[in-house]
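What's in input.cif: mmCIF, C-alpha atoms and all ligand atoms
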```cif
data_work
#
loop_
_atom_site.label_atom_id
_atom_site.label_comp_id
_atom_site.auth_asym_id
_atom_site.auth_seq_id
_atom_site.Cartn_x
_atom_site.Cartn_y
_atom_site.Cartn_z
CA MET A 239 -1.88 -19.53 77.19
CA ILE A 240 -4.57 -21.73 78.67
CA SER A 241 -3.55 -23.40 81.93
CA ARG A 242 -3.40 -27.20 82.17
CA LYS A 243 -6.01 -27.12 84.94
CA LYS A 244 -8.44 -25.13 82.80
CA PHE A 245 -7.76 -27.34 79.83
CA LEU A 246 -8.54 -30.48 81.84
CA LYS A 247 -11.71 -28.89 83.20
CA TYR A 248 -12.72 -27.94 79.69
CA THR A 249 -12.04 -31.34 78.19
CA LEU A 250 -14.02 -32.99 80.97
CA LEU A 251 -16.96 -30.64 80.52
CA GLY A 252 -16.81 -29.88 76.86
CA GLY A 253 -15.93 -33.20 75.32
CA LEU A 254 -14.72 -32.96 71.78
CA THR A 255 -15.26 -29.28 70.98
CA PRO A 256 -12.08 -28.07 69.25
CA PHE A 257 -9.55 -26.26 71.39
CA THR A 258 -9.55 -23.17 69.16
CA LYS A 259 -13.27 -22.74 69.67
CA TRP A 260 -12.80 -22.74 73.42
CA THR A 261 -10.17 -20.02 73.34
CA LYS A 262 -12.36 -17.82 71.13
CA ARG A 263 -15.40 -18.22 73.35
CA SER A 264 -13.37 -17.37 76.42
CA PHE A 265 -12.92 -13.87 74.96
CA SER A 266 -16.47 -13.20 73.94
CA GLN A 267 -18.74 -14.68 76.56
CA LYS A 268 -18.27 -12.33 79.46
CA LYS A 269 -21.65 -10.75 80.05
CA GLY A 270 -21.67 -7.14 81.12
CA THR A 271 -22.94 -3.65 80.80
CA PRO A 272 -22.81 -2.33 77.29
CA VAL A 273 -20.91 0.80 76.30
CA VAL A 274 -21.07 2.87 73.14
CA ILE A 275 -18.74 5.71 72.22
CA SER A 276 -18.80 7.96 69.17
CA THR A 277 -17.21 11.09 67.78
CA TRP A 278 -18.43 14.70 68.04
CA ASN A 279 -21.72 16.24 69.23
CA HIS A 280 -23.84 14.16 66.89
CA GLY A 281 -22.59 11.16 68.82
CA ILE A 282 -25.35 11.93 71.33
CA PRO A 283 -28.35 11.07 69.09
CA ALA A 284 -26.33 8.33 67.44
CA ASN A 285 -25.56 6.76 70.83
CA GLU A 286 -29.28 6.89 71.74
CA ALA A 287 -30.12 4.71 68.75
CA ALA A 288 -27.23 2.36 69.41
CA TRP A 289 -28.10 2.05 73.09
CA LYS A 290 -31.64 0.92 72.26
CA VAL A 291 -30.15 -2.03 70.42
CA LEU A 292 -27.61 -2.79 73.15
CA ALA A 293 -30.12 -2.50 76.01
CA GLU A 294 -32.23 -5.19 74.38
CA SER A 295 -29.21 -7.50 74.22
CA GLY A 296 -28.69 -6.72 70.54
CA SER A 297 -25.27 -7.10 68.97
CA ALA A 298 -22.64 -4.39 68.91
CA LEU A 299 -22.69 -4.74 65.13
CA ASN A 300 -26.40 -3.92 64.87
CA ALA A 301 -25.94 -1.13 67.40
CA VAL A 302 -23.19 0.70 65.51
CA GLU A 303 -25.04 0.44 62.22
CA ALA A 304 -28.26 1.78 63.77
CA GLY A 305 -26.33 4.52 65.55
CA VAL A 306 -24.42 6.01 62.65
CA ARG A 307 -27.45 5.79 60.34
CA VAL A 308 -29.09 8.51 62.46
CA VAL A 309 -26.30 10.91 61.52
CA GLU A 310 -26.17 9.78 57.88
CA ALA A 311 -29.85 10.69 57.54
CA ASP A 312 -29.53 14.14 59.15
CA PRO A 313 -29.25 16.87 56.48
CA GLU A 314 -27.94 19.34 59.07
CA VAL A 315 -24.77 17.33 59.53
CA ARG A 316 -22.63 18.58 56.66
CA THR A 317 -19.92 15.94 56.67
CA VAL A 318 -21.83 12.69 56.84
CA GLY A 319 -24.26 11.08 54.41
CA TYR A 320 -27.29 13.04 53.22
CA GLY A 321 -26.49 16.78 53.36
CA GLY A 322 -22.73 16.22 53.30
CA ARG A 323 -20.58 18.81 51.54
CA PRO A 324 -19.56 17.96 47.99
CA ASP A 325 -16.11 17.69 46.49
CA ARG A 326 -14.65 20.57 44.46
CA ASP A 327 -16.60 19.48 41.37
CA GLY A 328 -19.92 19.46 43.21
CA PHE A 329 -20.29 15.70 43.77
CA VAL A 330 -21.12 14.30 47.20
CA THR A 331 -18.95 11.20 47.54
CA LEU A 332 -19.29 9.10 50.68
CA ASP A 333 -16.85 6.81 52.51
CA ALA A 334 -17.89 4.28 55.15
CA CYS A 335 -16.91 1.01 56.77
CA ILE A 336 -18.02 -1.45 59.41
CA MET A 337 -16.15 -4.19 61.30
CA ASP A 338 -17.43 -6.92 63.60
CA GLN A 339 -16.19 -9.16 66.39
CA GLU A 340 -14.96 -11.82 63.98
CA ASN A 341 -12.69 -9.40 62.09
CA ARG A 342 -15.13 -9.39 59.21
CA CYS A 343 -15.33 -6.04 57.53
CA GLY A 344 -16.93 -4.20 54.64
CA SER A 345 -16.30 -0.81 53.18
CA VAL A 346 -17.28 1.61 50.43
CA GLY A 347 -15.26 4.51 49.03
CA ALA A 348 -16.38 7.46 46.90
CA LEU A 349 -19.94 6.20 46.79
CA GLN A 350 -22.46 8.62 45.30
CA HIS A 351 -26.26 8.94 45.52
CA ILE A 352 -26.83 6.61 48.48
CA LYS A 353 -28.00 7.96 51.83
CA HIS A 354 -26.69 5.12 53.99
CA PRO A 355 -23.20 4.09 52.91
CA VAL A 356 -22.64 2.22 56.19
CA SER A 357 -25.42 -0.21 55.28
CA VAL A 358 -23.88 -0.74 51.85
CA ALA A 359 -20.57 -1.41 53.61
CA ARG A 360 -22.31 -4.02 55.74
CA LYS A 361 -23.67 -5.66 52.60
CA VAL A 362 -20.16 -5.74 51.14
CA LYS A 363 -19.10 -7.56 54.30
CA GLU A 364 -21.95 -10.02 54.20
CA GLU A 365 -22.78 -10.51 50.53
CA THR A 366 -19.45 -10.36 48.71
CA PRO A 367 -16.06 -12.07 48.92
CA HIS A 368 -14.45 -8.61 49.17
CA VAL A 369 -13.78 -5.96 51.79
CA MET A 370 -14.01 -2.76 49.76
CA LEU A 371 -15.96 -1.48 46.76
CA VAL A 372 -15.51 2.00 45.33
CA GLY A 373 -17.10 4.47 42.94
CA ASP A 374 -19.46 3.23 40.26
CA GLY A 375 -18.93 -0.40 41.23
CA ALA A 376 -20.05 0.37 44.77
CA LEU A 377 -23.09 2.22 43.44
CA ASP A 378 -24.03 -0.65 41.09
CA PHE A 379 -23.71 -3.08 43.98
CA ALA A 380 -25.84 -0.89 46.25
CA MET A 381 -28.59 -0.73 43.68
CA GLU A 382 -28.46 -4.49 43.13
CA GLN A 383 -28.94 -4.82 46.87
CA GLY A 384 -32.06 -2.67 46.74
CA PHE A 385 -30.71 0.68 47.94
CA GLU A 386 -32.44 3.68 46.43
CA LYS A 387 -30.48 6.06 44.21
CA GLU A 388 -31.19 9.58 45.50
CA ASN A 389 -29.98 13.14 45.25
CA ILE A 390 -28.05 13.62 48.48
CA LEU A 391 -26.75 17.13 47.70
CA THR A 392 -28.98 19.46 49.70
CA ASP A 393 -29.56 23.11 48.77
CA LYS A 394 -27.58 24.24 51.81
CA ALA A 395 -24.55 22.16 50.88
CA ARG A 396 -24.78 23.24 47.22
CA LYS A 397 -24.91 26.92 48.22
CA GLU A 398 -21.82 26.50 50.41
CA TRP A 399 -20.02 24.91 47.50
CA GLU A 400 -21.02 27.72 45.13
CA LYS A 401 -19.67 30.23 47.62
CA TRP A 402 -16.43 28.27 48.00
CA LYS A 403 -15.95 28.11 44.23
CA LYS A 404 -15.53 31.89 44.03
CA ASN A 405 -12.05 31.56 45.53
CA ALA A 406 -11.67 27.80 45.26
CA GLU A 407 -8.98 27.53 47.90
CA TYR A 408 -8.42 24.18 49.55
CA GLU A 409 -7.37 24.98 53.08
CA PRO A 410 -9.21 22.71 55.49
CA GLU A 411 -9.79 24.55 58.75
CA VAL A 412 -9.19 22.74 61.99
CA ASN A 413 -12.46 21.62 63.62
CA ILE A 414 -14.57 23.21 60.90
CA GLU A 415 -14.46 21.64 57.48
CA ASN A 416 -12.63 18.63 58.80
CA HIS A 417 -14.91 17.55 61.54
CA ASP A 418 -18.12 15.61 61.79
CA THR A 419 -17.16 12.20 60.57
CA ILE A 420 -18.89 9.77 62.85
CA GLY A 421 -16.85 6.89 64.18
CA MET A 422 -18.69 4.65 66.63
CA LEU A 423 -17.49 1.74 68.79
CA ALA A 424 -19.71 -0.51 70.88
CA LEU A 425 -19.31 -3.28 73.43
CA ASP A 426 -22.45 -5.38 73.80
CA LYS A 427 -23.83 -7.38 76.74
CA GLN A 428 -22.22 -10.51 75.34
CA GLY A 429 -18.82 -8.80 75.57
CA ASN A 430 -18.34 -8.41 71.82
CA LEU A 431 -16.98 -5.34 70.07
CA SER A 432 -17.87 -3.80 66.71
CA GLY A 433 -17.36 -0.44 65.02
CA ALA A 434 -18.51 1.74 62.15
CA CYS A 435 -17.25 4.91 60.52
CA THR A 436 -19.01 7.08 57.92
CA THR A 437 -18.33 10.46 56.28
CA SER A 438 -18.61 12.64 53.22
CA GLY A 439 -14.93 13.35 53.80
CA THR A 440 -13.05 16.58 53.77
CA ALA A 441 -15.04 19.32 52.06
CA TRP A 442 -13.89 20.46 48.62
CA LYS A 443 -11.57 17.46 48.23
CA MET A 444 -10.45 16.42 44.74
CA HIS A 445 -12.98 14.31 42.92
CA GLY A 446 -12.09 10.67 43.57
CA ARG A 447 -10.24 11.37 46.82
CA VAL A 448 -10.83 8.71 49.45
CA GLY A 449 -9.97 9.47 53.06
CA ASP A 450 -9.18 7.30 56.04
CA SER A 451 -12.76 6.60 57.08
CA PRO A 452 -13.45 3.56 54.84
CA ILE A 453 -9.95 2.13 55.23
CA ILE A 454 -9.80 -0.67 57.73
CA GLY A 455 -6.92 0.02 60.10
CA ALA A 456 -6.96 3.76 59.38
CA GLY A 457 -10.45 5.15 60.12
CA LEU A 458 -11.55 2.09 62.08
CA PHE A 459 -10.16 -1.08 63.56
CA VAL A 460 -11.72 -3.72 65.80
CA ASP A 461 -9.98 -6.64 67.45
CA ASN A 462 -12.38 -8.51 69.68
CA GLU A 463 -9.54 -9.85 71.81
CA VAL A 464 -8.24 -6.38 72.64
CA GLY A 465 -10.35 -3.36 71.76
CA ALA A 466 -11.49 -1.04 69.01
CA ALA A 467 -10.59 2.43 67.75
CA ALA A 468 -11.86 5.01 65.27
CA ALA A 469 -10.47 8.24 63.86
CA THR A 470 -11.74 11.61 62.74
CA GLY A 471 -9.98 14.59 61.23
CA LEU A 472 -7.50 14.98 58.41
CA GLY A 473 -7.65 11.56 56.80
CA GLU A 474 -4.32 11.75 55.03
CA GLU A 475 -2.56 11.92 58.40
CA VAL A 476 -4.55 8.99 59.74
CA ILE A 477 -3.77 6.83 56.70
CA ARG A 478 -0.05 7.63 56.91
CA THR A 479 0.05 6.23 60.44
CA CYS A 480 -2.54 3.42 60.10
CA GLY A 481 -4.05 5.30 63.02
CA SER A 482 -6.83 3.10 64.38
CA HIS A 483 -4.78 -0.06 64.04
CA LEU A 484 -1.95 1.65 65.86
CA VAL A 485 -4.30 2.56 68.73
CA VAL A 486 -5.52 -1.04 69.03
CA GLU A 487 -1.96 -2.38 68.93
CA ASN A 488 -1.01 0.05 71.70
CA MET A 489 -3.86 -1.37 73.80
CA ARG A 490 -2.65 -4.89 73.00
CA ARG A 491 0.69 -3.92 74.51
CA GLY A 492 -1.08 -2.86 77.69
CA ASP A 493 -2.01 0.79 77.24
CA ASP A 494 -5.35 2.03 78.52
CA PRO A 495 -7.54 3.49 75.73
CA LYS A 496 -6.63 7.13 76.33
CA THR A 497 -2.89 6.46 76.43
CA ALA A 498 -3.21 4.31 73.32
CA CYS A 499 -4.87 7.23 71.51
CA LYS A 500 -2.31 9.70 72.81
CA LYS A 501 0.57 7.61 71.47
CA ALA A 502 -1.06 7.48 68.03
CA VAL A 503 -1.45 11.27 68.14
CA ARG A 504 2.23 11.51 69.10
CA ARG A 505 3.14 9.54 65.96
CA ILE A 506 1.26 12.09 63.84
CA VAL A 507 2.86 14.99 65.69
CA ARG A 508 6.33 13.56 65.06
CA GLN A 509 5.67 13.26 61.36
CA ASN A 510 4.78 16.93 60.93
CA ASP A 511 6.87 20.06 61.37
CA ALA A 512 3.83 22.26 61.94
CA LEU A 513 0.49 21.32 63.41
CA ASN A 514 -1.48 24.48 62.60
CA ASN A 515 -3.76 22.91 60.02
CA ILE A 516 -3.88 19.41 61.38
CA GLN A 517 -6.64 18.05 63.54
CA VAL A 518 -6.98 14.33 64.17
CA GLY A 519 -8.94 12.76 67.00
CA PHE A 520 -9.05 9.14 68.08
CA ILE A 521 -11.52 7.29 70.26
CA ALA A 522 -10.93 3.84 71.72
CA ILE A 523 -12.57 1.21 73.89
CA ASN A 524 -11.18 -1.99 75.35
CA LYS A 525 -12.69 -5.35 76.27
CA LYS A 526 -13.32 -4.21 79.84
CA GLY A 527 -15.47 -1.34 78.56
CA GLN A 528 -12.89 1.30 79.44
CA PHE A 529 -12.79 4.11 76.90
CA GLY A 530 -10.85 7.23 76.01
CA GLY A 531 -10.00 9.76 73.34
CA TYR A 532 -7.16 12.05 72.35
CA SER A 533 -6.64 14.66 69.65
CA VAL A 534 -3.94 16.82 68.15
CA GLN A 535 -5.71 20.12 68.86
CA GLU A 536 -8.28 21.47 71.24
CA GLY A 537 -11.91 21.16 70.17
CA PHE A 538 -12.46 17.44 69.71
CA ASN A 539 -15.20 15.81 71.75
CA TYR A 540 -16.93 12.46 71.88
CA ALA A 541 -20.13 11.00 73.27
CA VAL A 542 -20.28 8.07 75.66
CA PHE A 543 -23.34 6.06 76.65
CA ASP A 544 -22.87 3.52 79.44
CA LYS A 545 -24.62 2.67 82.69
CA ILE A 546 -24.15 6.29 83.84
CA GLY A 547 -26.04 7.67 80.83
CA ASN A 548 -25.32 9.50 77.59
CA ARG A 549 -22.90 12.43 77.76
CA LEU A 550 -20.36 14.47 75.81
CA LEU A 551 -16.75 14.53 76.92
CA ASP A 552 -14.05 16.96 75.81
CA SER A 553 -10.97 15.15 74.61
CA SER A 554 -7.54 15.82 76.00
CA TYR A 555 -5.22 17.12 73.32
CA TRP A 556 -1.57 17.31 72.40
CA THR A 557 -0.95 20.98 71.86
CA ASN A 558 -1.35 21.81 75.55
CA SER A 559 0.16 18.63 76.92
CA GLU A 560 3.88 18.83 76.23
C1 LIG B 1 -11.59 12.36 55.92
N1 LIG B 1 -11.40 11.72 58.22
O1 LIG B 1 -12.23 12.13 54.90
C2 LIG B 1 -12.31 12.23 57.24
C3 LIG B 1 -12.92 13.53 57.58
C4 LIG B 1 -13.32 13.62 59.01
O2 LIG B 1 -14.26 14.58 60.77
O3 LIG B 1 -13.03 12.84 59.83
N2 LIG B 1 -13.98 14.56 59.45
O4 LIG B 1 -10.43 12.73 55.92
#
```

Produce structure tokens that represent the structure in this file.
Ligand code: SD4
Amino acid sequence: MISRKKFLKYTLLGGLTPFTKWTKRSFSQKKGTPVVISTWNHGIPANEAAWKVLAESGSALNAVEAGVRVVEADPEVRTVGYGGRPDRDGFVTLDACIMDQENRCGSVGALQHIKHPVSVARKVKEETPHVMLVGDGALDFAMEQGFEKENILTDKARKEWEKWKKNAEYEPEVNIENHDTIGMLALDKQGNLSGACTTSGTAWKMHGRVGDSPIIGAGLFVDNEVGAAAATGLGEEVIRTCGSHLVVENMRRGDDPKTACKKAVRRIVRQNDALNNIQVGFIAINKKGQFGGYSVQEGFNYAVFDKIGNRLLDSSYWTNSE
């Protein structure tokens, strides 16, 4: 609630500007040091690109797009963009989303042949009345928007798939086939938050399977009044708990980012009898620039770039905590 004193001050200074506009600006105009946080080792080069944008007073939205594009373009990263592992039928299908400080969001699911699904997701946000496009419709839209149709299945990824086909067993291994989605959250100098998430999903998934990463509220959620969160790991578990939304709602109720992530992990733990094959990791940031992460199992890490510099942090995890 705005105090009467503040309201009087505002009306004296601001004249006829609508009250709602004032309350919104009060959340987004604190100037400060930017922070960017992203999942896994490849968060380091991604953060570098994002930081360049933030250091020049660019928006968190531009920063997260620039950041995750670095990983999408890297053929050595086998679970994001170009070079990502295919599904069990040999198709590389990509999932991505982006969300800004005004709760505007765009997303693509099961998109083939496009190296930068996050940028298509941004176009969905900005050029369509929708939030999510999938499959052939998403590809048609990308091409209409000028994206190039390319072969994104590299020889290395194809060879891995051919090897897998010999036994064709779908048993995602913790921290191996499941990791490498990049989720990135940024707070810019203007005090605004945005996030992006992009992946080729779990390796050897069924054709047409869409994970948590392009689903707003599951793989990513941003609320500029509170904070932002992103998820990585076994997408089915994240969807079942609306994971990133849950983390942000925990922060809204007063949790710091790490505790908010831990409580979302706890929800997943409670819904499963055995945790052996389940890895999920969350990262979160709040409006003050505080950040944290938490995962089900050991092995999850995330990269943070703030005024101290760019560094990797090992996440705390559930299986040794209680
Ligand atoms: C998915 N959550 O498609 C993604 C995979 C992932 O780190 O995060 N890997 O289920």

Within 8 Å of segment 368-392 of chain A, which residues of segment 287-358 of chain A show up? Give each one with its shortest atom-to-atom distance in Å (one decimal) and the two atoms involved, counting only C-alpha atoms, rows by chain then rising residue number, as CSV.
```
residue,atom,partner,partner_atom,distance
A:Pro313,CA,A:Thr392,CA,7.3
A:Gly319,CA,A:Ile390,CA,7.5
A:Tyr320,CA,A:Ile390,CA,4.8
A:Gly321,CA,A:Thr392,CA,5.2
A:Gly322,CA,A:Leu391,CA,7.0
A:Arg323,CA,A:Leu391,CA,7.5
A:Pro324,CA,A:Leu391,CA,7.2
A:Phe329,CA,A:Leu391,CA,7.7
A:Val330,CA,A:Leu391,CA,6.3
A:Cys343,CA,A:Val369,CA,5.9
A:Gly344,CA,A:Val369,CA,4.6
A:Ser345,CA,A:Met370,CA,4.6
A:Val346,CA,A:Leu371,CA,5.0
A:Gly347,CA,A:Val372,CA,4.5
A:Ala348,CA,A:Gly373,CA,5.0
A:Leu349,CA,A:Gly373,CA,5.1
A:Gln350,CA,A:Leu377,CA,6.7
A:His351,CA,A:Glu388,CA,5.0
A:Ile352,CA,A:Lys387,CA,5.6
A:Lys353,CA,A:Ile390,CA,6.6
A:Val358,CA,A:Ala380,CA,5.9
```

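For the residues A:Gly519, A:Gly449, A:Gly465, A:Gly527, ranking by smallest atom-to-atom distance to Tyr540 of chain A using all atoms listed in the file places A:Gly519 first.
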
Problem set entry | Environment of ligand LIG 1 (chain B) within 6 Å, counting only C-alpha atoms and all ligand atoms, reported as a list in words |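 Using only C-alpha atoms and all ligand atoms, I find these residues within 6 Å of ligand LIG 1 (chain B): Asn416, His417, Asp418, Thr419, Gly439, Thr440, Gly449, Asp450, Ser451, Thr470, Gly471, Leu472 and Gly473 of chain A.
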
Exercise. When you draw a straight line from atom CA of Ala466 of chain A to atom CA of Ala441 of chain A, how long is it in Å?
Worked result: 26.7 Å

Exercise. Of the candidates A:Gly446, A:Gly531, A:Gly433, A:Gly421, which one gets nearest to Thr277 of chain A if we count all atoms listed in the file?
Worked result: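 Using all atoms listed in the file, Thr277 of chain A sits closest to A:Gly421.
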
Determine, counting only C-alpha atoms, which protein, DNA and RNA residues have an atom within 8 Å of an atom of Ser553 of chain A; residues of the same chain fewer than 3 positions away are not included. Present the result as a PDB file with C-alpha atoms, keeping the file's coordinate frame.
```
ATOM      1  CA  GLY A 531     -10.000   9.760  73.340  1.00  0.00           C
ATOM      2  CA  TYR A 532      -7.160  12.050  72.350  1.00  0.00           C
ATOM      3  CA  SER A 533      -6.640  14.660  69.650  1.00  0.00           C
ATOM      4  CA  GLU A 536      -8.280  21.470  71.240  1.00  0.00           C
ATOM      5  CA  GLY A 537     -11.910  21.160  70.170  1.00  0.00           C
ATOM      6  CA  PHE A 538     -12.460  17.440  69.710  1.00  0.00           C
ATOM      7  CA  ASN A 539     -15.200  15.810  71.750  1.00  0.00           C
ATOM      8  CA  TYR A 540     -16.930  12.460  71.880  1.00  0.00           C
TER       9      TYR A 540
END
```

Problem set entry | Between atom CA of Ala502 of chain A and atom CA of Thr479 of chain A - distance in Å to one decimal | 7.8 Å

For this session: Name the residues in contact with Lys525 of chain A at a cut-off of 8 Å, using only C-alpha atoms, excluding same-chain residues fewer than 6 positions from it; report them as a PyMOL selection string.
Result: chain A and resi 425+429-431+462-465

Exercise. Which residue, A:Trp442, A:Tyr555, A:Trp278, A:Tyr408, has the smallest gap to Lys501 of chain A when you use all atoms listed in the file?
Worked result: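 Under the stated criterion, the closest residue is A:Tyr555.
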
For this session: Might you pull out every residue within 8 Å of segment 300-308 of chain A, with all atoms listed in the file counted and same-chain residues fewer than 6 positions away left off, and present them as a list in words?
Result: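 Near neighbours after the sequence-gap exclusion: Pro283, Ala284, Asn285, Glu286, Ala287, Ala288, Trp289, Lys290, Val291, Leu292, Ile336, His354, Val356, Ser357, Ile420, Gly421, Met422, Leu423, Ala424, Ser432, Gly433, Ala434, Cys435 and Thr436 of chain A.
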
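Going from atom CA of Asp461 of chain A over to atom CA of Glu340 of chain A, you cover 8.0 Å.
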
Need the shell around Thr497 of chain A: protein/DNA/RNA residues with any atom at most 10 Å away, counting all atoms listed in the file. Skip same-chain ones fewer than 6 positions apart. Format as a PDB file with C-alpha atoms, in the frame of the given file?
```
ATOM      1  CA  VAL A 485      -4.300   2.560  68.730  1.00  0.00           C
ATOM      2  CA  ASN A 488      -1.010   0.050  71.700  1.00  0.00           C
ATOM      3  CA  MET A 489      -3.860  -1.370  73.800  1.00  0.00           C
ATOM      4  CA  VAL A 503      -1.450  11.270  68.140  1.00  0.00           C
ATOM      5  CA  ALA A 522     -10.930   3.840  71.720  1.00  0.00           C
ATOM      6  CA  GLY A 530     -10.850   7.230  76.010  1.00  0.00           C
ATOM      7  CA  GLY A 531     -10.000   9.760  73.340  1.00  0.00           C
ATOM      8  CA  TYR A 532      -7.160  12.050  72.350  1.00  0.00           C
TER       9      TYR A 532
END
```

Problem set entry | Pick from A:Thr317, A:Ser482, A:Gln509, A:Ser554 nearest to Ala469 of chain A, counting only C-alpha atoms | A:Ser482

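Candidate residues A:Glu409, A:Asp552, A:Asp544, A:Glu398 were compared for distance to Gly270 of chain A, and the nearest is A:Asp544, using all atoms listed in the file.
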
Model the absent atoms of segment 352-359 of chain A so that all heavy atoms are present, and write the result as a PDB file, in the coordinates of the input.
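So the final result, stored in part.pdb, reads:
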```
ATOM      1  N   ILE A 352     -26.219   7.550  47.529  1.00  0.00           N
ATOM      2  CA  ILE A 352     -26.830   6.610  48.480  1.00  0.00           C
ATOM      3  C   ILE A 352     -26.761   7.235  49.876  1.00  0.00           C
ATOM      4  O   ILE A 352     -25.686   7.646  50.328  1.00  0.00           O
ATOM      5  CB  ILE A 352     -26.101   5.245  48.473  1.00  0.00           C
ATOM      6  CG1 ILE A 352     -26.110   4.622  47.069  1.00  0.00           C
ATOM      7  CG2 ILE A 352     -26.678   4.297  49.519  1.00  0.00           C
ATOM      8  CD1 ILE A 352     -27.412   4.044  46.591  1.00  0.00           C
ATOM      9  N   LYS A 353     -27.913   7.277  50.534  1.00  0.00           N
ATOM     10  CA  LYS A 353     -28.000   7.960  51.830  1.00  0.00           C
ATOM     11  C   LYS A 353     -27.274   7.214  52.958  1.00  0.00           C
ATOM     12  O   LYS A 353     -26.808   7.827  53.913  1.00  0.00           O
ATOM     13  CB  LYS A 353     -29.483   8.066  52.185  1.00  0.00           C
ATOM     14  CG  LYS A 353     -29.866   9.323  52.892  1.00  0.00           C
ATOM     15  CD  LYS A 353     -31.363   9.288  53.203  1.00  0.00           C
ATOM     16  CE  LYS A 353     -32.010  10.592  52.852  1.00  0.00           C
ATOM     17  NZ  LYS A 353     -33.486  10.538  52.983  1.00  0.00           N
ATOM     18  N   HIS A 354     -27.238   5.903  52.872  1.00  0.00           N
ATOM     19  CA  HIS A 354     -26.690   5.120  53.990  1.00  0.00           C
ATOM     20  C   HIS A 354     -25.520   4.242  53.555  1.00  0.00           C
ATOM     21  O   HIS A 354     -25.629   3.014  53.474  1.00  0.00           O
ATOM     22  CB  HIS A 354     -27.795   4.271  54.618  1.00  0.00           C
ATOM     23  CG  HIS A 354     -28.776   5.079  55.405  1.00  0.00           C
ATOM     24  ND1 HIS A 354     -28.413   5.804  56.521  1.00  0.00           N
ATOM     25  CD2 HIS A 354     -30.095   5.315  55.217  1.00  0.00           C
ATOM     26  CE1 HIS A 354     -29.476   6.432  57.001  1.00  0.00           C
ATOM     27  NE2 HIS A 354     -30.503   6.159  56.227  1.00  0.00           N
ATOM     28  N   PRO A 355     -24.365   4.874  53.338  1.00  0.00           N
ATOM     29  CA  PRO A 355     -23.200   4.090  52.910  1.00  0.00           C
ATOM     30  C   PRO A 355     -22.791   3.006  53.915  1.00  0.00           C
ATOM     31  O   PRO A 355     -22.269   1.965  53.523  1.00  0.00           O
ATOM     32  CB  PRO A 355     -22.097   5.126  52.730  1.00  0.00           C
ATOM     33  CG  PRO A 355     -22.567   6.331  53.464  1.00  0.00           C
ATOM     34  CD  PRO A 355     -24.060   6.316  53.405  1.00  0.00           C
ATOM     35  N   VAL A 356     -23.057   3.238  55.212  1.00  0.00           N
ATOM     36  CA  VAL A 356     -22.640   2.220  56.190  1.00  0.00           C
ATOM     37  C   VAL A 356     -23.387   0.900  55.955  1.00  0.00           C
ATOM     38  O   VAL A 356     -22.835  -0.187  56.142  1.00  0.00           O
ATOM     39  CB  VAL A 356     -22.826   2.701  57.652  1.00  0.00           C
ATOM     40  CG1 VAL A 356     -24.298   2.754  58.058  1.00  0.00           C
ATOM     41  CG2 VAL A 356     -22.050   1.807  58.609  1.00  0.00           C
ATOM     42  N   SER A 357     -24.649   1.018  55.508  1.00  0.00           N
ATOM     43  CA  SER A 357     -25.420  -0.210  55.280  1.00  0.00           C
ATOM     44  C   SER A 357     -24.963  -0.912  54.005  1.00  0.00           C
ATOM     45  O   SER A 357     -25.020  -2.142  53.915  1.00  0.00           O
ATOM     46  CB  SER A 357     -26.918   0.107  55.231  1.00  0.00           C
ATOM     47  OG  SER A 357     -27.311   0.614  56.495  1.00  0.00           O
ATOM     48  N   VAL A 358     -24.478  -0.120  53.042  1.00  0.00           N
ATOM     49  CA  VAL A 358     -23.880  -0.740  51.850  1.00  0.00           C
ATOM     50  C   VAL A 358     -22.581  -1.457  52.268  1.00  0.00           C
ATOM     51  O   VAL A 358     -22.314  -2.585  51.839  1.00  0.00           O
ATOM     52  CB  VAL A 358     -23.608   0.298  50.744  1.00  0.00           C
ATOM     53  CG1 VAL A 358     -23.066  -0.390  49.497  1.00  0.00           C
ATOM     54  CG2 VAL A 358     -24.873   1.088  50.408  1.00  0.00           C
ATOM     55  N   ALA A 359     -21.815  -0.791  53.124  1.00  0.00           N
ATOM     56  CA  ALA A 359     -20.570  -1.410  53.610  1.00  0.00           C
ATOM     57  C   ALA A 359     -20.878  -2.743  54.306  1.00  0.00           C
ATOM     58  O   ALA A 359     -20.169  -3.744  54.122  1.00  0.00           O
ATOM     59  CB  ALA A 359     -19.856  -0.469  54.569  1.00  0.00           C
TER      60      ALA A 359
END
```
